[in-house]
>>> print(open('query.pdb').read())   # PDB, C-alpha atoms, pLDDT in the B column
ATOM      1  CA  MET A   1       0.000   0.000   0.000  1.00 41.00           C
ATOM      2  CA  LYS A   2       1.494   3.316  -1.092  1.00 54.00           C
ATOM      3  CA  THR A   3       1.108   6.196   1.347  1.00 63.00           C
ATOM      4  CA  LYS A   4      -0.117   9.497  -0.021  1.00 70.00           C
ATOM      5  CA  SER A   5       2.374  12.324  -0.146  1.00 73.00           C
ATOM      6  CA  LEU A   6       1.660  15.432   1.882  1.00 74.00           C
ATOM      7  CA  LYS A   7       1.124  17.396  -1.358  1.00 72.00           C
ATOM      8  CA  GLU A   8      -1.695  14.989  -2.329  1.00 73.00           C
ATOM      9  CA  LYS A   9      -3.202  15.269   1.158  1.00 76.00           C
ATOM     10  CA  GLN A  10      -3.089  19.080   0.935  1.00 73.00           C
ATOM     11  CA  GLU A  11      -5.676  18.949  -1.866  1.00 74.00           C
ATOM     12  CA  LYS A  12      -8.168  17.186   0.450  1.00 77.00           C
ATOM     13  CA  VAL A  13      -7.794  19.474   3.490  1.00 77.00           C
ATOM     14  CA  PHE A  14     -10.889  21.546   2.657  1.00 78.00           C
ATOM     15  CA  ASP A  15     -13.234  18.552   2.726  1.00 77.00           C
ATOM     16  CA  ALA A  16     -11.754  17.258   5.983  1.00 79.00           C
ATOM     17  CA  LEU A  17     -11.721  20.496   7.992  1.00 80.00           C
ATOM     18  CA  LYS A  18     -14.569  22.618   6.545  1.00 78.00           C
ATOM     19  CA  THR A  19     -17.228  21.528   9.059  1.00 80.00           C
ATOM     20  CA  GLU A  20     -14.958  21.911  12.101  1.00 81.00           C
ATOM     21  CA  PHE A  21     -13.731  25.415  11.231  1.00 81.00           C
ATOM     22  CA  GLY A  22     -16.570  26.662   8.982  1.00 82.00           C
ATOM     23  CA  TYR A  23     -14.555  27.152   5.799  1.00 80.00           C
ATOM     24  CA  LYS A  24     -16.563  28.467   2.859  1.00 84.00           C
ATOM     25  CA  SER A  25     -13.724  28.465   0.330  1.00 80.00           C
ATOM     26  CA  THR A  26     -10.670  26.291  -0.282  1.00 81.00           C
ATOM     27  CA  MET A  27      -8.556  29.448   0.026  1.00 83.00           C
ATOM     28  CA  GLN A  28      -9.361  29.563   3.767  1.00 82.00           C
ATOM     29  CA  THR A  29      -7.753  26.197   4.457  1.00 85.00           C
ATOM     30  CA  PRO A  30      -4.301  26.172   6.025  1.00 88.00           C
ATOM     31  CA  LYS A  31      -1.279  25.235   3.954  1.00 88.00           C
ATOM     32  CA  VAL A  32       2.447  25.007   4.453  1.00 89.00           C
ATOM     33  CA  THR A  33       4.229  28.051   3.023  1.00 92.00           C
ATOM     34  CA  LYS A  34       7.845  27.215   3.884  1.00 93.00           C
ATOM     35  CA  VAL A  35      10.112  25.066   6.027  1.00 93.00           C
ATOM     36  CA  VAL A  36      13.149  26.646   7.683  1.00 93.00           C
ATOM     37  CA  VAL A  37      15.933  24.223   8.661  1.00 92.00           C
ATOM     38  CA  SER A  38      18.575  25.722  10.951  1.00 90.00           C
ATOM     39  CA  CYS A  39      21.596  24.465  12.841  1.00 88.00           C
ATOM     40  CA  GLY A  40      23.828  26.304  15.277  1.00 84.00           C
ATOM     41  CA  THR A  41      27.494  25.385  14.998  1.00 81.00           C
ATOM     42  CA  GLY A  42      28.713  26.632  18.350  1.00 72.00           C
ATOM     43  CA  SER A  43      32.436  27.210  18.162  1.00 63.00           C
ATOM     44  CA  GLN A  44      33.846  28.154  14.784  1.00 64.00           C
ATOM     45  CA  LYS A  45      37.283  26.817  15.745  1.00 66.00           C
ATOM     46  CA  ASP A  46      36.623  23.314  14.372  1.00 70.00           C
ATOM     47  CA  LYS A  47      36.418  23.929  10.615  1.00 73.00           C
ATOM     48  CA  ASN A  48      36.124  20.199   9.842  1.00 77.00           C
ATOM     49  CA  LYS A  49      32.945  19.882  11.946  1.00 79.00           C
ATOM     50  CA  ASN A  50      31.444  22.902  10.186  1.00 80.00           C
ATOM     51  CA  LYS A  51      32.079  21.265   6.801  1.00 84.00           C
ATOM     52  CA  ILE A  52      30.378  18.092   8.053  1.00 82.00           C
ATOM     53  CA  ILE A  53      27.343  20.085   9.250  1.00 83.00           C
ATOM     54  CA  VAL A  54      27.022  21.987   5.969  1.00 85.00           C
ATOM     55  CA  SER A  55      27.341  18.876   3.814  1.00 85.00           C
ATOM     56  CA  GLY A  56      24.884  16.976   6.053  1.00 85.00           C
ATOM     57  CA  LEU A  57      22.244  19.707   5.856  1.00 87.00           C
ATOM     58  CA  GLU A  58      22.708  20.017   2.104  1.00 88.00           C
ATOM     59  CA  LYS A  59      22.318  16.254   1.608  1.00 87.00           C
ATOM     60  CA  ILE A  60      19.181  16.147   3.769  1.00 88.00           C
ATOM     61  CA  THR A  61      17.434  19.145   2.180  1.00 89.00           C
ATOM     62  CA  GLY A  62      18.874  19.123  -1.334  1.00 88.00           C
ATOM     63  CA  GLN A  63      19.631  22.824  -1.121  1.00 90.00           C
ATOM     64  CA  LYS A  64      22.652  24.991  -0.279  1.00 91.00           C
ATOM     65  CA  ALA A  65      23.018  26.206   3.315  1.00 88.00           C
ATOM     66  CA  VAL A  66      23.431  29.911   4.128  1.00 88.00           C
ATOM     67  CA  LEU A  67      25.895  31.020   6.793  1.00 83.00           C
ATOM     68  CA  LYS A  68      24.295  33.064   9.599  1.00 82.00           C
ATOM     69  CA  THR A  69      26.332  35.520  11.651  1.00 79.00           C
ATOM     70  CA  ALA A  70      25.919  36.993  15.143  1.00 79.00           C
ATOM     71  CA  LYS A  71      23.858  40.187  15.220  1.00 82.00           C
ATOM     72  CA  LYS A  72      25.301  41.375  18.554  1.00 80.00           C
ATOM     73  CA  SER A  73      28.499  40.883  20.494  1.00 80.00           C
ATOM     74  CA  ILE A  74      28.061  38.813  23.664  1.00 77.00           C
ATOM     75  CA  ALA A  75      31.142  38.757  25.887  1.00 78.00           C
ATOM     76  CA  THR A  76      29.892  35.870  28.037  1.00 76.00           C
ATOM     77  CA  PHE A  77      29.826  33.557  25.018  1.00 74.00           C
ATOM     78  CA  LYS A  78      32.958  35.101  23.468  1.00 77.00           C
ATOM     79  CA  VAL A  79      30.976  35.995  20.353  1.00 75.00           C
ATOM     80  CA  ARG A  80      31.569  39.193  18.415  1.00 78.00           C
ATOM     81  CA  GLU A  81      29.190  40.873  16.020  1.00 81.00           C
ATOM     82  CA  GLY A  82      29.623  39.299  12.590  1.00 76.00           C
ATOM     83  CA  ASP A  83      31.051  35.973  13.851  1.00 76.00           C
ATOM     84  CA  PRO A  84      29.564  32.918  12.108  1.00 75.00           C
ATOM     85  CA  VAL A  85      27.146  31.101  14.464  1.00 77.00           C
ATOM     86  CA  GLY A  86      25.146  28.677  12.313  1.00 81.00           C
ATOM     87  CA  TYR A  87      23.572  27.680   9.015  1.00 87.00           C
ATOM     88  CA  GLN A  88      20.042  28.025   7.688  1.00 90.00           C
ATOM     89  CA  ILE A  89      18.087  26.681   4.719  1.00 92.00           C
ATOM     90  CA  THR A  90      14.632  27.856   3.620  1.00 94.00           C
ATOM     91  CA  LEU A  91      12.646  25.314   1.604  1.00 92.00           C
ATOM     92  CA  ARG A  92       9.622  26.117  -0.567  1.00 91.00           C
ATOM     93  CA  GLY A  93       7.623  24.334  -3.251  1.00 89.00           C
ATOM     94  CA  LYS A  94       8.593  20.828  -4.345  1.00 88.00           C
ATOM     95  CA  ARG A  95      11.717  20.594  -2.155  1.00 90.00           C
ATOM     96  CA  MET A  96       9.644  21.588   0.874  1.00 90.00           C
ATOM     97  CA  TYR A  97       7.106  18.803   0.269  1.00 88.00           C
ATOM     98  CA  ASP A  98       9.916  16.299  -0.458  1.00 89.00           C
ATOM     99  CA  PHE A  99      11.579  17.198   2.858  1.00 90.00           C
ATOM    100  CA  LEU A 100       8.291  16.921   4.795  1.00 88.00           C
ATOM    101  CA  ASP A 101       7.503  13.533   3.209  1.00 86.00           C
ATOM    102  CA  LYS A 102      10.975  12.311   4.140  1.00 87.00           C
ATOM    103  CA  LEU A 103      10.594  13.675   7.678  1.00 87.00           C
ATOM    104  CA  VAL A 104       7.160  12.135   8.364  1.00 86.00           C
ATOM    105  CA  TYR A 105       7.401   8.823   6.492  1.00 85.00           C
ATOM    106  CA  ILE A 106      11.116   7.947   6.767  1.00 84.00           C
ATOM    107  CA  ALA A 107      12.958   9.911   9.495  1.00 83.00           C
ATOM    108  CA  PHE A 108      10.436   9.748  12.361  1.00 82.00           C
ATOM    109  CA  PRO A 109       9.952   5.955  12.035  1.00 82.00           C
ATOM    110  CA  ARG A 110      13.762   5.540  12.110  1.00 80.00           C
ATOM    111  CA  THR A 111      14.111   7.558  15.333  1.00 80.00           C
ATOM    112  CA  LYS A 112      15.153   5.462  18.325  1.00 80.00           C
ATOM    113  CA  ASP A 113      12.487   5.327  21.086  1.00 80.00           C
ATOM    114  CA  PHE A 114      10.187   7.673  19.147  1.00 80.00           C
ATOM    115  CA  ARG A 115       6.945   8.198  21.063  1.00 82.00           C
ATOM    116  CA  GLY A 116       5.458  10.967  18.949  1.00 83.00           C
ATOM    117  CA  LEU A 117       5.781  14.713  18.548  1.00 85.00           C
ATOM    118  CA  SER A 118       4.676  17.141  21.225  1.00 85.00           C
ATOM    119  CA  SER A 119       1.883  19.492  20.213  1.00 84.00           C
ATOM    120  CA  LYS A 120       3.569  22.124  22.419  1.00 87.00           C
ATOM    121  CA  GLY A 121       5.811  22.834  19.413  1.00 86.00           C
ATOM    122  CA  ILE A 122       2.895  24.582  17.683  1.00 89.00           C
ATOM    123  CA  ASP A 123       2.833  28.311  18.429  1.00 88.00           C
ATOM    124  CA  GLU A 124      -0.197  30.629  18.555  1.00 90.00           C
ATOM    125  CA  MET A 125       0.295  31.677  14.931  1.00 89.00           C
ATOM    126  CA  GLY A 126       0.083  28.101  13.629  1.00 86.00           C
ATOM    127  CA  ASN A 127       3.777  27.394  13.022  1.00 91.00           C
ATOM    128  CA  PHE A 128       5.332  24.117  14.170  1.00 91.00           C
ATOM    129  CA  SER A 129       8.938  23.876  15.431  1.00 92.00           C
ATOM    130  CA  ILE A 130      10.600  20.484  15.721  1.00 90.00           C
ATOM    131  CA  GLY A 131      13.977  19.738  17.257  1.00 90.00           C
ATOM    132  CA  ILE A 132      15.785  16.819  15.638  1.00 87.00           C
ATOM    133  CA  LYS A 133      18.516  15.397  17.880  1.00 85.00           C
ATOM    134  CA  GLU A 134      20.399  13.330  15.300  1.00 82.00           C
ATOM    135  CA  ASN A 135      20.896  13.905  11.605  1.00 81.00           C
ATOM    136  CA  SER A 136      21.568  10.175  11.181  1.00 80.00           C
ATOM    137  CA  ILE A 137      17.814   9.376  11.092  1.00 81.00           C
ATOM    138  CA  PHE A 138      17.795  10.582   7.485  1.00 83.00           C
ATOM    139  CA  PRO A 139      18.887   7.968   4.939  1.00 80.00           C
ATOM    140  CA  GLU A 140      21.325  10.340   3.181  1.00 80.00           C
ATOM    141  CA  THR A 141      23.458  10.709   6.301  1.00 76.00           C
ATOM    142  CA  SER A 142      23.006   7.327   7.979  1.00 67.00           C
ATOM    143  CA  ASP A 143      26.630   6.335   7.333  1.00 69.00           C
ATOM    144  CA  VAL A 144      28.198   9.099   9.457  1.00 67.00           C
ATOM    145  CA  GLU A 145      30.411   8.318  12.422  1.00 67.00           C
ATOM    146  CA  LEU A 146      29.116   8.881  15.936  1.00 65.00           C
ATOM    147  CA  LYS A 147      31.375  11.889  16.528  1.00 68.00           C
ATOM    148  CA  ASP A 148      29.973  13.582  13.399  1.00 75.00           C
ATOM    149  CA  VAL A 149      26.303  13.447  14.468  1.00 80.00           C
ATOM    150  CA  PHE A 150      24.608  16.821  14.975  1.00 81.00           C
ATOM    151  CA  GLY A 151      21.130  18.092  15.758  1.00 82.00           C
ATOM    152  CA  PHE A 152      19.100  20.762  14.031  1.00 87.00           C
ATOM    153  CA  ALA A 153      15.707  22.462  14.108  1.00 89.00           C
ATOM    154  CA  ALA A 154      12.963  22.522  11.492  1.00 91.00           C
ATOM    155  CA  THR A 155      10.219  25.155  11.615  1.00 92.00           C
ATOM    156  CA  ILE A 156       7.144  24.502   9.467  1.00 92.00           C
ATOM    157  CA  VAL A 157       5.438  27.797   8.653  1.00 93.00           C
ATOM    158  CA  THR A 158       1.708  27.562   7.830  1.00 92.00           C
ATOM    159  CA  THR A 159      -1.174  29.904   7.051  1.00 91.00           C
ATOM    160  CA  ALA A 160      -3.224  28.526   9.975  1.00 88.00           C
ATOM    161  CA  LYS A 161      -4.845  31.235  12.091  1.00 88.00           C
ATOM    162  CA  SER A 162      -4.653  29.513  15.498  1.00 88.00           C
ATOM    163  CA  LYS A 163      -2.976  26.722  17.415  1.00 90.00           C
ATOM    164  CA  LYS A 164      -6.134  24.576  17.320  1.00 89.00           C
ATOM    165  CA  GLU A 165      -6.485  24.967  13.544  1.00 88.00           C
ATOM    166  CA  ALA A 166      -2.795  24.132  13.021  1.00 89.00           C
ATOM    167  CA  LYS A 167      -3.046  21.025  15.247  1.00 89.00           C
ATOM    168  CA  ALA A 168      -6.056  19.746  13.258  1.00 88.00           C
ATOM    169  CA  TYR A 169      -4.207  20.478  10.006  1.00 88.00           C
ATOM    170  CA  PHE A 170      -1.044  18.612  11.074  1.00 88.00           C
ATOM    171  CA  ASP A 171      -3.167  15.703  12.352  1.00 87.00           C
ATOM    172  CA  PHE A 172      -4.845  15.479   8.947  1.00 85.00           C
ATOM    173  CA  LEU A 173      -1.463  15.525   7.182  1.00 83.00           C
ATOM    174  CA  GLY A 174      -0.372  12.553   9.306  1.00 83.00           C
ATOM    175  CA  PHE A 175       2.178  14.037  11.693  1.00 86.00           C
ATOM    176  CA  PRO A 176       2.663  11.515  14.542  1.00 86.00           C
ATOM    177  CA  PHE A 177       1.669  13.395  17.708  1.00 85.00           C
ATOM    178  CA  LYS A 178       1.761  11.977  21.235  1.00 82.00           C
ATOM    179  CA  LYS A 179      -1.577  10.994  22.686  1.00 78.00           C
ATOM    180  CA  GLU A 180      -2.764  13.702  25.082  1.00 67.00           C
ATOM    181  CA  GLY A 181      -2.580  12.711  28.742  1.00 54.00           C
ATOM    182  CA  VAL A 182      -0.109   9.839  28.103  1.00 47.00           C
ATOM    183  CA  LYS A 183       3.471  10.312  29.276  1.00 49.00           C
TER     184      LYS A 183
END
>>> encode(input="query.pdb", output="structure tokens")
Amino acid sequence: MKTKSLKEKQEKVFDALKTEFGYKSTMQTPKVTKVVVSCGTGSQKDKNKNKIIVSGLEKITGQKAVLKTAKKSIATFKVREGDPVGYQITLRGKRMYDFLDKLVYIAFPRTKDFRGLSSKGIDEMGNFSIGIKENSIFPETSDVELKDVFGFAATIVTTAKSKKEAKAYFDFLGFPFKKEGVK
């Protein structure tokens, strides 16, 4: 049995959610506008680790990573304004849906002791932030050594108007959330 891609499910959102939220037009239904994948690199002293992070993110997303720099100097962290602090990739269109399909149908099932996503990651504006502890759950980077494993964050930006609407939308798309009340 072939699972439907998230792009195919997006076309059926109106029928599934119109009674619950009172949609009168398909244009009112929520949709994913972009996915932002970001990874902080910490210290810039280890150039080899930074190359590993960049190549890992680029393999996972299929897009080039952009270097992000510090906006302010912070003496406590020994960071000066303009110092490189991480990498970011913004996905839209086909690459965005490919990444989300890979995340939901391949990466989450490969995660060790995965019990579901927390719905606390959905903010009041309908965006969903997920922290991924290991890049090795993606098939492109599964051959990395243990010392080269890194974590990153993925923020899924939607047009949902509220947290409740976003939760119903992500449930319909098939995101594996934890059961409420179960620890």
>>> residues_around(input="query.pdb", residues="stretch 90-93 of chain A", least_positions_apart="5", cutoff="10 Å", atoms="all atoms listed in the file", output="PyMOL selection string")
chain A and resi 7+32-38+61-66+98-100+154-156
>>> atom_distance(input="query.pdb", atom1="atom CA of A:Gln10", atom2="atom CA of A:Leu173")
7.4 Å
>>> closest_residue(input="query.pdb", among="A:Thr76, A:Thr158, A:Thr41, A:Ser118", to="A:Lys178", atoms="all atoms listed in the file")
A:Ser118
>>> atom_distance(input="query.pdb", atom1="atom CA of A:Met27", atom2="atom CA of A:Tyr169")
14.1 Å
>>> closest_residue(input="query.pdb", among="A:Phe177, A:Tyr87, A:Tyr23, A:Phe77", to="A:Leu57", atoms="only C-alpha atoms")
A:Tyr87
>>> atom_distance(input="query.pdb", atom1="atom CA of A:Pro109", atom2="atom CA of A:Ile60")
16.0 Å
>>> closest_residue(input="query.pdb", among="A:Gly121, A:Val85, A:Gly42, A:Lys4", to="A:Phe150", atoms="all atoms listed in the file")
A:Gly42
>>> residues_around(input="query.pdb", residues="A:Asn135", least_positions_apart="3", cutoff="7 Å", atoms="all atoms listed in the file", output="VMD selection string")
chain A and resid 138 141 149 to 151
>>> closest_residue(input="query.pdb", among="A:Pro176, A:Pro30, A:Pro139, A:Gly40", to="A:Phe114", atoms="only C-alpha atoms")
A:Pro176
>>> axis_aligned_box(input="query.pdb", around="stretch 135-140 of chain A", padding_each_side="5 Å", output="AutoDock Vina command-line options")
--center_x 19.7 --center_y 10.9 --center_z 7.4 --size_x 13.8 --size_y 15.9 --size_z 18.4
>>> residues_around(input="query.pdb", residues="A:Ile137", least_positions_apart="5", cutoff="8 Å", atoms="all atoms listed in the file", output="PyMOL selection string")
chain A and resi 107-108+110-111+142
>>> closest_residue(input="query.pdb", among="A:Lys49, A:Asp171, A:Cys39, A:Lys31", to="A:Tyr97", atoms="all atoms listed in the file")
A:Lys31
>>> closest_residue(input="query.pdb", among="A:Arg115, A:Glu165, A:Asp148, A:Glu134", to="A:Lys179", atoms="only C-alpha atoms")
A:Arg115
>>> resolve_selection(input="query.pdb", expression="the PyMOL selection byres ((chain A and resi 162) around 8)", output="JSON, numbers by chain")
{"A": [124, 125, 126, 160, 161, 163, 164, 165, 166]}
>>> residues_around(input="query.pdb", residues="A:Phe175", least_positions_apart="4", cutoff="8 Å", atoms="only C-alpha atoms", output="list in words")
Val104, Leu117, Phe170 and Asp171 of chain A
>>> resolve_selection(input="query.pdb", expression="the PyMOL selection byres ((chain A and resi 13) around 10)", output="list in words")
Glu8, Lys9, Gln10, Glu11, Lys12, Phe14, Asp15, Ala16, Leu17, Lys18, Thr26, Thr29, Pro30, Lys31, Ala168, Tyr169, Phe172 and Leu173 of chain A
>>> resolve_selection(input="query.pdb", expression="the PyMOL selection byres ((chain A and resi 71) around 9)", output="JSON, numbers by chain")
{"A": [69, 70, 72, 73, 80, 81, 82, 83]}
